[in-house]
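One file, model_4.cif, is given below (mmCIF, C-alpha atoms).
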```cif
data_protein
loop_
_atom_site.label_atom_id
_atom_site.label_comp_id
_atom_site.auth_asym_id
_atom_site.auth_seq_id
_atom_site.Cartn_x
_atom_site.Cartn_y
_atom_site.Cartn_z
CA MET A 1 122.07 84.97 88.67
CA ILE A 2 118.33 84.87 88.00
CA LYS A 3 118.05 88.55 88.98
CA ASP A 4 120.49 89.63 86.29
CA LYS A 5 118.74 87.52 83.67
CA ILE A 6 115.38 89.05 84.61
CA LYS A 7 116.79 92.57 84.37
CA ASP A 8 118.30 91.84 80.97
CA LEU A 9 114.99 90.47 79.69
CA ALA A 10 113.09 93.43 81.17
CA ASP A 11 115.40 95.77 79.26
CA GLN A 12 114.85 93.76 76.07
CA ILE A 13 111.06 93.87 76.32
CA PHE A 14 110.77 97.45 77.63
CA THR A 15 110.17 99.17 74.28
CA ASP A 16 107.58 96.55 73.35
CA VAL A 17 105.80 96.93 76.71
CA VAL A 18 105.60 100.69 76.20
CA GLY A 19 104.04 99.94 72.82
CA TYR A 20 101.54 97.54 74.41
CA ARG A 21 100.62 100.18 76.96
CA ARG A 22 100.11 102.87 74.34
CA HIS A 23 97.99 100.58 72.19
CA ILE A 24 95.77 99.63 75.12
CA HIS A 25 95.61 103.24 76.33
CA ALA A 26 94.51 104.46 72.90
CA ASN A 27 91.82 101.76 72.69
CA PRO A 28 90.18 101.70 76.13
CA GLU A 29 87.15 99.55 76.87
CA LEU A 30 84.69 99.77 79.73
CA SER A 31 84.09 97.06 82.33
CA TYR A 32 82.74 93.78 80.96
CA LYS A 33 83.34 95.03 77.40
CA GLU A 34 87.11 94.43 77.09
CA PHE A 35 86.79 92.35 73.92
CA GLU A 36 89.59 93.93 71.88
CA THR A 37 91.92 94.10 74.89
CA SER A 38 91.27 90.42 75.55
CA ALA A 39 92.01 89.58 71.92
CA PHE A 40 95.25 91.58 72.07
CA ILE A 41 96.38 89.65 75.16
CA LYS A 42 95.56 86.30 73.54
CA GLU A 43 97.49 87.32 70.42
CA LYS A 44 100.64 87.99 72.46
CA LEU A 45 100.35 84.84 74.57
CA THR A 46 99.82 82.76 71.43
CA ALA A 47 102.90 84.26 69.77
CA TRP A 48 104.97 83.32 72.82
CA GLY A 49 103.56 79.80 73.03
CA ILE A 50 101.90 80.39 76.43
CA GLU A 51 98.80 78.31 76.98
CA PHE A 52 95.67 80.12 78.14
CA THR A 53 91.94 79.80 78.72
CA SER A 54 89.09 82.32 78.89
CA CYS A 55 87.31 83.19 82.13
CA ALA A 56 84.55 85.63 83.07
CA ASN A 57 83.79 86.27 79.40
CA THR A 58 86.66 88.66 78.53
CA GLY A 59 89.15 87.46 81.13
CA VAL A 60 92.26 85.51 80.14
CA VAL A 61 94.14 83.02 82.31
CA GLY A 62 97.60 81.93 81.17
CA LEU A 63 99.90 79.25 82.56
CA ILE A 64 103.69 79.12 82.47
CA LYS A 65 105.16 75.92 83.85
CA GLY A 66 108.77 75.87 84.89
CA ASN A 67 110.71 72.93 83.50
CA LYS A 68 112.01 71.98 86.94
CA PRO A 69 109.67 69.89 89.13
CA SER A 70 107.66 71.71 91.82
CA ASP A 71 104.06 71.84 93.02
CA LYS A 72 104.31 75.52 93.92
CA VAL A 73 101.94 77.90 92.11
CA ILE A 74 101.93 81.70 92.19
CA ALA A 75 99.22 83.81 90.54
CA LEU A 76 99.92 87.24 89.06
CA ARG A 77 97.03 89.58 88.35
CA GLY A 78 96.57 92.55 86.02
CA ASP A 79 93.21 94.29 85.42
CA MET A 80 92.28 95.71 82.03
CA ASP A 81 89.09 97.83 82.05
CA ALA A 82 88.88 101.60 81.57
CA LEU A 83 86.64 104.36 82.96
CA PRO A 84 83.87 106.55 81.50
CA ILE A 85 86.05 109.69 81.52
CA LEU A 86 86.84 112.11 78.67
CA GLU A 87 90.63 112.29 78.43
CA ASP A 88 92.26 115.72 78.63
CA ASN A 89 95.74 114.83 77.38
CA ASN A 90 97.34 115.59 74.02
CA LYS A 91 99.70 112.63 73.88
CA PRO A 92 99.91 110.65 70.62
CA TYR A 93 98.43 107.66 72.45
CA ARG A 94 95.40 109.51 73.86
CA SER A 95 92.10 107.65 73.86
CA LYS A 96 90.42 107.09 70.50
CA ASN A 97 87.15 106.14 72.23
CA ASN A 98 85.45 109.40 73.10
CA GLY A 99 84.43 109.48 76.74
CA VAL A 100 86.37 106.33 77.68
CA MET A 101 89.83 106.55 79.23
CA HIS A 102 92.42 104.46 81.03
CA ALA A 103 92.40 106.88 83.94
CA CYS A 104 93.35 104.32 86.58
CA GLY A 105 96.42 102.74 85.00
CA HIS A 106 94.95 99.40 84.02
CA ASP A 107 96.69 99.80 80.68
CA VAL A 108 99.94 99.77 82.67
CA HIS A 109 98.86 96.72 84.68
CA THR A 110 97.94 94.72 81.59
CA SER A 111 100.98 95.66 79.52
CA SER A 112 103.26 95.03 82.50
CA LEU A 113 101.79 91.58 83.09
CA LEU A 114 102.35 90.82 79.40
CA GLY A 115 105.98 91.85 79.83
CA THR A 116 106.26 89.72 82.97
CA ALA A 117 104.77 86.79 81.07
CA TYR A 118 107.39 87.18 78.34
CA ILE A 119 110.22 87.24 80.88
CA LEU A 120 108.99 84.20 82.79
CA ASN A 121 108.34 82.25 79.62
CA GLU A 122 111.89 82.91 78.48
CA LEU A 123 113.16 81.62 81.83
CA LYS A 124 111.01 78.51 82.21
CA ASP A 125 114.08 76.27 81.87
CA GLU A 126 115.54 78.10 84.87
CA PHE A 127 112.79 77.76 87.49
CA ALA A 128 110.59 75.30 89.31
CA GLY A 129 106.87 75.89 89.80
CA THR A 130 103.91 77.24 87.87
CA ILE A 131 102.93 80.84 87.18
CA LYS A 132 99.24 81.60 86.68
CA LEU A 133 98.63 84.82 84.75
CA ILE A 134 95.27 86.45 85.52
CA PHE A 135 94.21 89.15 83.05
CA GLN A 136 91.06 90.33 84.78
CA PRO A 137 88.10 92.34 83.47
CA ALA A 138 85.86 94.80 85.27
CA GLU A 139 87.75 95.96 88.32
CA GLU A 140 85.90 99.27 88.20
CA LEU A 141 82.29 98.05 88.32
CA LEU A 142 80.33 95.96 90.80
CA PRO A 143 80.27 93.07 91.40
CA GLY A 144 83.91 93.22 90.24
CA GLY A 145 85.58 90.92 87.76
CA ALA A 146 87.66 89.31 90.51
CA SER A 147 84.56 87.94 92.23
CA ILE A 148 83.31 86.48 88.96
CA MET A 149 86.66 84.90 88.08
CA ILE A 150 86.87 83.34 91.54
CA LYS A 151 83.37 81.88 91.14
CA GLU A 152 84.43 80.46 87.78
CA GLY A 153 87.45 78.76 89.35
CA VAL A 154 90.40 81.02 88.55
CA LEU A 155 92.03 80.06 91.86
CA GLU A 156 91.72 76.32 91.14
CA ASN A 157 93.33 73.83 88.75
CA PRO A 158 96.06 74.61 89.66
CA LYS A 159 95.43 76.29 93.00
CA PRO A 160 97.93 79.08 93.74
CA GLN A 161 99.47 79.36 97.18
CA ALA A 162 99.56 83.14 96.75
CA ILE A 163 98.54 85.93 94.42
CA ILE A 164 100.46 89.13 93.66
CA GLY A 165 99.19 92.34 92.09
CA GLN A 166 100.51 95.83 91.47
CA HIS A 167 98.78 99.18 90.95
CA VAL A 168 100.07 102.50 89.69
CA MET A 169 100.35 105.41 92.14
CA PRO A 170 101.10 108.90 90.80
CA MET A 171 101.93 110.22 94.28
CA ILE A 172 104.97 107.93 94.36
CA GLU A 173 107.98 108.90 92.26
CA SER A 174 108.61 106.76 89.21
CA GLY A 175 111.29 104.18 89.97
CA LYS A 176 109.98 103.46 93.46
CA VAL A 177 107.42 100.99 94.81
CA GLY A 178 105.45 100.84 98.05
CA PHE A 179 104.32 98.04 100.36
CA ARG A 180 102.08 97.66 103.40
CA SER A 181 101.48 94.49 105.39
CA GLY A 182 98.08 93.72 106.89
CA ILE A 183 94.87 95.61 106.15
CA TYR A 184 95.59 98.09 103.36
CA MET A 185 92.45 99.16 101.45
CA ALA A 186 88.83 99.69 102.46
CA SER A 187 85.62 97.88 101.76
CA THR A 188 83.22 99.86 99.62
CA ASP A 189 79.43 99.99 99.46
CA GLU A 190 77.17 102.07 97.23
CA LEU A 191 74.23 103.83 98.86
CA TYR A 192 71.06 104.65 96.91
CA VAL A 193 68.51 106.59 98.95
CA THR A 194 65.06 107.74 97.86
CA VAL A 195 63.24 110.18 100.15
CA THR A 196 59.54 110.55 99.36
CA GLY A 197 57.25 113.33 100.52
CA LYS A 198 54.42 115.32 98.99
CA GLY A 199 55.33 117.98 96.46
CA GLY A 200 53.66 121.24 95.74
CA HIS A 201 54.08 125.00 95.49
CA GLY A 202 57.09 126.42 97.27
CA ALA A 203 54.93 129.26 98.63
CA GLN A 204 52.69 126.77 100.46
CA PRO A 205 55.10 124.54 102.41
CA HIS A 206 52.45 123.83 105.05
CA GLN A 207 50.45 121.91 102.46
CA ASN A 208 53.42 119.75 101.48
CA VAL A 209 55.82 117.22 102.96
CA ASP A 210 59.14 118.59 101.79
CA PRO A 211 61.52 115.74 100.80
CA VAL A 212 64.34 118.24 100.19
CA VAL A 213 64.35 119.29 103.83
CA ILE A 214 64.00 115.66 104.96
CA ALA A 215 66.89 114.59 102.71
CA SER A 216 69.05 117.43 104.03
CA HIS A 217 68.47 116.35 107.63
CA ILE A 218 69.24 112.73 106.70
CA ILE A 219 72.55 113.64 105.03
CA ILE A 220 73.70 115.65 108.04
CA ALA A 221 72.43 113.14 110.61
CA LEU A 222 74.12 110.19 108.94
CA GLN A 223 77.52 111.76 109.52
CA GLN A 224 77.01 110.81 113.16
CA ILE A 225 77.50 107.20 112.07
CA VAL A 226 81.16 108.05 111.53
CA SER A 227 81.71 110.85 114.07
CA ARG A 228 79.78 109.53 117.07
CA ILE A 229 79.01 105.83 116.63
CA ALA A 230 82.08 104.37 114.93
CA ASP A 231 85.12 103.56 117.05
CA PRO A 232 87.40 106.57 116.39
CA ARG A 233 90.33 104.17 116.08
CA LEU A 234 88.66 102.50 113.09
CA PRO A 235 88.78 104.44 109.81
CA SER A 236 85.37 104.95 108.22
CA VAL A 237 84.22 107.18 105.37
CA LEU A 238 80.64 108.19 104.51
CA SER A 239 80.30 110.50 101.52
CA PHE A 240 77.35 111.56 99.38
CA GLY A 241 78.21 112.76 95.90
CA LYS A 242 74.86 113.04 94.15
CA VAL A 243 71.59 114.65 95.24
CA THR A 244 68.73 114.98 92.74
CA ALA A 245 65.53 116.86 93.59
CA ASN A 246 64.22 117.95 90.16
CA GLY A 247 62.05 120.68 91.56
CA ALA A 248 62.42 124.37 90.80
CA THR A 249 62.76 127.68 92.64
CA ASN A 250 59.07 127.53 93.56
CA ILE A 251 58.37 123.81 93.18
CA ILE A 252 58.82 121.29 95.95
CA PRO A 253 59.29 117.85 94.32
CA ASN A 254 57.67 114.62 95.42
CA GLU A 255 60.99 112.87 95.98
CA VAL A 256 64.72 113.35 96.34
CA LYS A 257 67.34 110.79 95.31
CA ILE A 258 70.71 110.61 97.05
CA GLU A 259 73.76 108.52 96.10
CA GLY A 260 76.86 107.93 98.16
CA THR A 261 79.53 105.55 99.40
CA PHE A 262 80.44 103.95 102.72
CA ARG A 263 83.91 102.56 103.35
CA THR A 264 85.62 100.95 106.32
CA LEU A 265 88.23 98.37 107.33
CA ASN A 266 86.23 96.01 109.54
CA GLU A 267 83.50 93.62 108.38
CA GLU A 268 81.62 93.53 111.71
CA TRP A 269 81.42 97.32 111.87
CA ARG A 270 80.53 97.42 108.19
CA ASN A 271 77.47 95.26 108.81
CA GLU A 272 76.49 97.21 111.93
CA ALA A 273 76.85 100.54 110.12
CA HIS A 274 74.54 99.32 107.35
CA LYS A 275 71.79 98.61 109.89
CA ARG A 276 72.27 101.89 111.71
CA MET A 277 72.28 104.03 108.54
CA LYS A 278 69.11 102.42 107.28
CA LYS A 279 67.30 102.69 110.62
CA MET A 280 68.33 106.32 111.16
CA ALA A 281 67.33 107.48 107.67
CA GLU A 282 64.01 105.67 107.64
CA GLY A 283 63.13 106.82 111.16
CA MET A 284 64.00 110.44 110.45
CA ALA A 285 61.92 110.50 107.26
CA GLU A 286 58.94 108.97 109.03
CA SER A 287 59.21 111.42 111.93
CA MET A 288 58.97 114.29 109.42
CA GLY A 289 55.97 112.86 107.60
CA GLY A 290 57.72 111.24 104.67
CA SER A 291 59.33 107.90 103.86
CA CYS A 292 62.77 106.67 102.89
CA ASP A 293 63.95 103.73 100.85
CA PHE A 294 67.59 103.06 101.82
CA ASP A 295 69.20 100.63 99.37
CA ILE A 296 72.74 99.39 100.01
CA HIS A 297 74.66 97.73 97.17
CA ARG A 298 77.32 95.74 98.94
CA GLY A 299 80.65 96.16 97.16
CA TYR A 300 84.21 94.94 97.61
CA PRO A 301 85.54 93.72 100.97
CA PHE A 302 88.61 95.23 102.60
CA LEU A 303 91.98 94.26 101.13
CA ILE A 304 94.49 92.53 103.37
CA ASN A 305 98.12 91.87 102.50
CA GLU A 306 99.27 88.65 104.14
CA GLU A 307 102.08 89.52 106.54
CA LYS A 308 104.72 86.93 105.64
CA LEU A 309 104.14 87.07 101.87
CA THR A 310 104.27 90.86 101.88
CA ALA A 311 107.40 90.95 104.03
CA ASN A 312 109.04 88.56 101.58
CA ALA A 313 107.90 90.57 98.56
CA ARG A 314 109.22 93.76 100.09
CA ALA A 315 112.59 92.16 100.77
CA PHE A 316 112.75 90.87 97.19
CA ALA A 317 111.88 94.36 95.92
CA GLU A 318 114.68 95.88 98.00
CA ASP A 319 117.08 93.33 96.53
CA PHE A 320 115.88 94.01 92.98
CA LEU A 321 115.55 97.82 93.12
CA GLY A 322 117.67 98.88 96.08
CA LYS A 323 116.35 99.62 99.56
CA GLU A 324 116.13 103.33 98.83
CA ASN A 325 113.50 102.68 96.17
CA VAL A 326 111.07 100.77 98.40
CA ILE A 327 108.78 102.79 100.69
CA ASP A 328 106.09 102.20 103.32
CA LEU A 329 102.44 102.74 102.44
CA ASP A 330 99.71 104.09 104.69
CA ILE A 331 96.13 102.80 104.82
CA TRP A 332 94.27 103.79 101.65
CA MET A 333 90.49 104.28 101.88
CA ALA A 334 89.95 103.63 98.20
CA ALA A 335 88.77 100.15 97.24
CA GLU A 336 90.00 97.44 94.88
CA ASP A 337 88.41 94.19 93.83
CA PHE A 338 91.80 92.50 94.28
CA SER A 339 90.43 92.34 97.83
CA PHE A 340 88.30 89.35 96.82
CA TYR A 341 91.46 87.36 96.13
CA SER A 342 92.93 88.51 99.45
CA GLN A 343 89.93 87.09 101.30
CA VAL A 344 90.47 83.55 99.98
CA THR A 345 94.23 83.16 99.54
CA ASP A 346 97.48 84.80 100.61
CA ALA A 347 97.82 88.06 98.73
CA CYS A 348 100.25 90.91 98.23
CA PHE A 349 99.11 94.11 96.51
CA TYR A 350 101.82 96.74 96.12
CA ARG A 351 102.12 100.16 94.50
CA LEU A 352 104.14 101.09 91.42
CA GLY A 353 105.32 104.69 91.44
CA THR A 354 104.48 106.55 88.20
CA GLY A 355 104.87 110.19 89.26
CA ASN A 356 107.26 112.58 87.55
CA VAL A 357 106.95 116.37 87.99
CA GLU A 358 108.78 117.19 84.75
CA LYS A 359 106.52 114.85 82.78
CA ASP A 360 103.36 116.11 84.54
CA THR A 361 102.35 112.65 85.75
CA PHE A 362 101.34 113.49 89.31
CA HIS A 363 97.65 113.90 88.46
CA SER A 364 95.41 111.61 90.50
CA VAL A 365 93.85 108.47 89.13
CA HIS A 366 90.23 108.80 87.90
CA THR A 367 90.91 112.29 86.51
CA PRO A 368 90.97 113.45 82.85
CA LYS A 369 94.66 114.41 82.96
CA PHE A 370 95.97 111.22 84.52
CA ASP A 371 99.04 109.80 82.80
CA VAL A 372 102.14 107.86 83.83
CA ASP A 373 105.89 108.14 83.50
CA GLU A 374 106.48 105.20 81.19
CA ASN A 375 109.92 104.67 82.68
CA ALA A 376 108.01 102.87 85.45
CA LEU A 377 107.55 100.08 82.93
CA LYS A 378 111.29 99.44 83.15
CA ILE A 379 110.73 97.92 86.59
CA SER A 380 107.08 96.84 86.60
CA THR A 381 107.73 93.74 84.50
CA GLY A 382 110.99 92.49 85.99
CA LEU A 383 110.06 93.19 89.60
CA MET A 384 106.90 91.11 89.45
CA ALA A 385 108.77 88.27 87.75
CA TYR A 386 111.48 88.41 90.40
CA ILE A 387 109.05 88.44 93.32
CA ALA A 388 107.16 85.47 91.86
CA LEU A 389 110.24 83.33 91.25
CA LYS A 390 111.82 84.13 94.60
CA GLN A 391 108.57 83.42 96.42
CA MET A 392 108.56 79.95 94.83
CA GLY A 393 112.06 79.39 96.11
CA ASN A 394 114.00 79.92 92.91
#
```
Kindly transcribe the structure held in the file into C-alpha cells.
Amino acid sequence: MIKDKIKDLADQIFTDVVGYRRHIHANPELSYKEFETSAFIKEKLTAWGIEFTSCANTGVVGLIKGNKPSDKVIALRGDMDALPILEDNNKPYRSKNNGVMHACGHDVHTSSLLGTAYILNELKDEFAGTIKLIFQPAEELLPGGASIMIKEGVLENPKPQAIIGQHVMPMIESGKVGFRSGIYMASTDELYVTVTGKGGHGAQPHQNVDPVVIASHIIIALQQIVSRIADPRLPSVLSFGKVTANGATNIIPNEVKIEGTFRTLNEEWRNEAHKRMKKMAEGMAESMGGSCDFDIHRGYPFLINEEKLTANARAFAEDFLGKENVIDLDIWMAAEDFSFYSQVTDACFYRLGTGNVEKDTFHSVHTPKFDVDENALKISTGLMAYIALKQMGN
C-alpha cells in the first residue's frame, strides 16, 4: 500500500529532516532576505534530481511529475522566513544570527516540505499527477511573499487544482493535527495614525492643543467600531500596540503617533470598518482643535479552507494517523499570507501539533522561548505526501 511506503520513507528521512530543521533554525533569515535558506533548498532538490525554478527572488518552486499519466496538479507550500526576535533558548541549534529567530516554525515548514519532496520523488513511479513544491519567502512581512509569487505565476504552468499548507501549533500536542473547513483565519491591516496638535508647556494647557489627550480619546472611541458598530456575530479585533508622544512630564508634544492592527473575517465589513475608523478619528481630532492622519496599510485577506478539499484532507489524515490524532480547530484571529492562495484556488491549511510539556514546547509562536517537539517531524513529511497523493486519486 502507498500509505505503508510513505510511512517507511518518512521514517528513513526523519533524522535528516531534523538535521535540516536544526540547520535552518540556527541560520534564520528575515523576510525577503532568505538567500542562504534558498540556496540550501536548491542544494537538496538538486541532489535528489528534482527540477526547480526561482520565484519572488528567494522563492523556490520545484516540480515532481509522477510517471503515470494524469493532468492533476497539487501544490504544497512551506514558508521560510524568520522574525526579528532575540532567541531565549539554550539548545545546540539556537540562532546564530543575533536578534533573528525562527519563532513561528517556518524552519519546520521548510524542512518538512523538503522531507515530503524526498518521499514523493522516491515514489514517482507509483503515482499519477504532478506535485508543485512552493518554498515561499516573506510570510511575516507585507505585502507577503505569497502575493508576490502569485503575481509572478506560481499558480500557473502547471496550474494546480488545489494547494495544501501546514503550520505548527504549540497548543496542540505533538503527534496530532487539526483541521477546520470554511473561514479559518482573519484578514489583517496595519494602522498608522498621526495626531497633530500644538505643543507647549504642560503648565499652560490652555495655550496648547494637546495631541496626547486627543489620541487618548481616539483610541477609546475607536473601540466602538468593534463593540457597537460591528455585527456581534462577526469576529473583529482592533488593537493598538504602540503609542509614541515624545514629550516629557511638563512638555506637551506637537504630535502623537499610534500603531495598531484591525482584523476580521468579512471583506465587506473590513472595507466599511476602514471608512468608519478613518472618519471617526479625523472628526474627533478636528472637533478638539487638532488633526489626524489615519493611514491604513491593507494586509492579508481572510483565509478560507475549501470545504470538500478540507473534508478529504481530514479523512486522509485520520486514515494516516488514526482518528484520535485529528482534532477540530476553532476560528483563529491571527493572519497568514497563505490566505492569498486560498482566495484564488482551492486551499487547505491545517495545523501540526508541536506541543510537549516535558520538552517545554508549549510556548506561543512569536516569543523568544518558542521551540517545537521535533517528533512532530515524524508525521509532518509523510502526512502531507499522503494527503497530496490521495487527493490526486492515487
**Prompt:** If the PyMOL selection byres ((chain A and resi 198-204) around 6) is run on the structure shown, which residues does it catch, given as a PyMOL selection string?
**Reply:** chain A and resi 197+205-209+250-254
**Message:** Which residues, named as in the file, does the PyMOL selection byres ((chain A and resi 143-159) around 10) pick out? Answer as a VMD selection string.
**Reply:** chain A and resid 31 to 32 54 to 61 63 71 to 75 77 79 81 130 to 142 160 to 163 297 to 300 336 to 341 344 to 345
Would you mind listing, for every residue of segment 15-51 of chain A within 12 Å of segment 347-371 of chain A, the two atoms forming the shortest contact and the distance between them in Å to one decimal, using all atoms listed in the file, sorted by chain and ascending residue number, as a Markdown table?
```
| residue | atom | partner | partner_atom | distance |
| --- | --- | --- | --- | --- |
| A:Arg21 | CA | A:Asp371 | CA | 11.4 |
| A:Arg22 | CA | A:Asp371 | CA | 11.0 |
| A:His25 | CA | A:Asp371 | CA | 9.8 |
```
**Prompt:** Quick one: of A:Met277, A:Met384, A:Ala376, A:Ala248, who's nearest to Val18 of chain A, counting all atoms listed in the file?
**Reply:**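 For Val18 of chain A, the nearest of the given residues is A:Ala376.
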**Asked** Between atom CA of Asn325 of chain A and atom CA of Arg94 of chain A, what is the distance, to one decimal in Å?
**Response**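 If I compute the distance from atom CA of Asn325 of chain A to atom CA of Arg94 of chain A, I get 29.5 Å.
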**Answer key for the PyMOL selection byres ((chain A and resi 303) around 7), residues as number ranges by chain** = A: 183-186, 301-302, 304-305, 339, 342
Any chance you could export the current selection's C-alpha atoms as a compact mmCIF listing (two decimals), in the coordinates of the input?
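Now in out_39.txt:
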```txt
# COMPACT_ATOMS: atom_id res chain seq x y z
CA ILE A 183 94.87 95.61 106.15
CA TYR A 184 95.59 98.09 103.36
CA MET A 185 92.45 99.16 101.45
CA ALA A 186 88.83 99.69 102.46
CA PRO A 301 85.54 93.72 100.97
CA PHE A 302 88.61 95.23 102.60
CA ILE A 304 94.49 92.53 103.37
CA ASN A 305 98.12 91.87 102.50
CA SER A 339 90.43 92.34 97.83
CA SER A 342 92.93 88.51 99.45
```
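Across the structure, atom CA of Val212 of chain A and atom CA of Lys257 of chain A are spaced 9.4 Å apart.
The residue that comes closest to Phe179 of chain A, out of A:Glu307, A:Glu259, A:Val100, A:Leu234 and on the basis of all atoms listed in the file, is A:Glu307.
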Around all the atoms of segment 76-81 of chain A listed in the file, with 3 Å of room on each side, what axis-aligned box do you get, giving centre and edge lengths in Å to one decimal, as AutoDock Vina command-line options?
```
--center_x 94.5 --center_y 92.5 --center_z 85.5 --size_x 16.8 --size_y 16.6 --size_z 13.0
```
**Contacts of Ile2 of chain A within 10 Å, all atoms listed in the file, excl. fewer than 6 positions in-chain, as a VMD selection string** = chain A and resid 8 123 126 to 127 386 389 to 390 394
**Request:** Go through A:Glu43, A:Pro211, A:Gly78, A:Ser181 and flag the residue nearest Leu309 of chain A, using all atoms listed in the file for the distances.
**Result:**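 Closest to Leu309 of chain A of all the choices is A:Ser181.
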**Request:** Between atom CA of Ser112 of chain A and atom CA of Phe316 of chain A, measure the distance and give it in Å to one decimal.
**Result:** 18.0 Å
**Request:** Tell me which of A:Val108, A:Ile64, A:Ile218, A:Met284 sits closest to Phe52 of chain A, counting all atoms listed in the file.
**Result:**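 Looking at the shortest contact to Phe52 of chain A, the residue is A:Ile64.
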Just the residues within 12 Å of Asp4 of chain A, please, counting all atoms listed in the file, with nothing from its chain fewer than 4 positions along; format it as a CSV table (one decimal) with C-alpha atoms, keeping the file's coordinate frame.
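Contents of out-v5.csv, as written:
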```csv
chain,number,residue,atom,x,y,z
A,8,ASP,CA,118.3,91.8,81.0
A,9,LEU,CA,115.0,90.5,79.7
A,10,ALA,CA,113.1,93.4,81.2
A,11,ASP,CA,115.4,95.8,79.3
A,119,ILE,CA,110.2,87.2,80.9
A,123,LEU,CA,113.2,81.6,81.8
A,319,ASP,CA,117.1,93.3,96.5
A,320,PHE,CA,115.9,94.0,93.0
A,321,LEU,CA,115.6,97.8,93.1
A,382,GLY,CA,111.0,92.5,86.0
A,383,LEU,CA,110.1,93.2,89.6
A,385,ALA,CA,108.8,88.3,87.8
A,386,TYR,CA,111.5,88.4,90.4
```
**Message:** Here is a test: counting only C-alpha atoms, which residue of A:Val326, A:Ala128, A:Ile85, A:Leu114 is nearest to Ile50 of chain A?
**Reply:** A:Leu114
**Request:** Please determine the residues with any atom at most 7 Å from (67.2, 105.4, 99.0) (coordinates as given in the file, with only C-alpha atoms counting) and report them as a list of chain:residue names.
**Result:**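 Result, sorted by chain then residue number: A:Tyr192, A:Val193, A:Thr194, A:Val195, A:Lys257, A:Ile258, A:Cys292, A:Asp293, A:Phe294, A:Asp295.
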**Request:** Kindly provide, as a list in words, the polymer residues lying within 8 Å of (70.2, 116.7, 92.3), counting all atoms listed in the file and using the coordinates exactly as they appear in the file.
**Result:** Lys242, Val243, Thr244, Ala245, Asn246, Val256, Lys257 and Ile258 of chain A
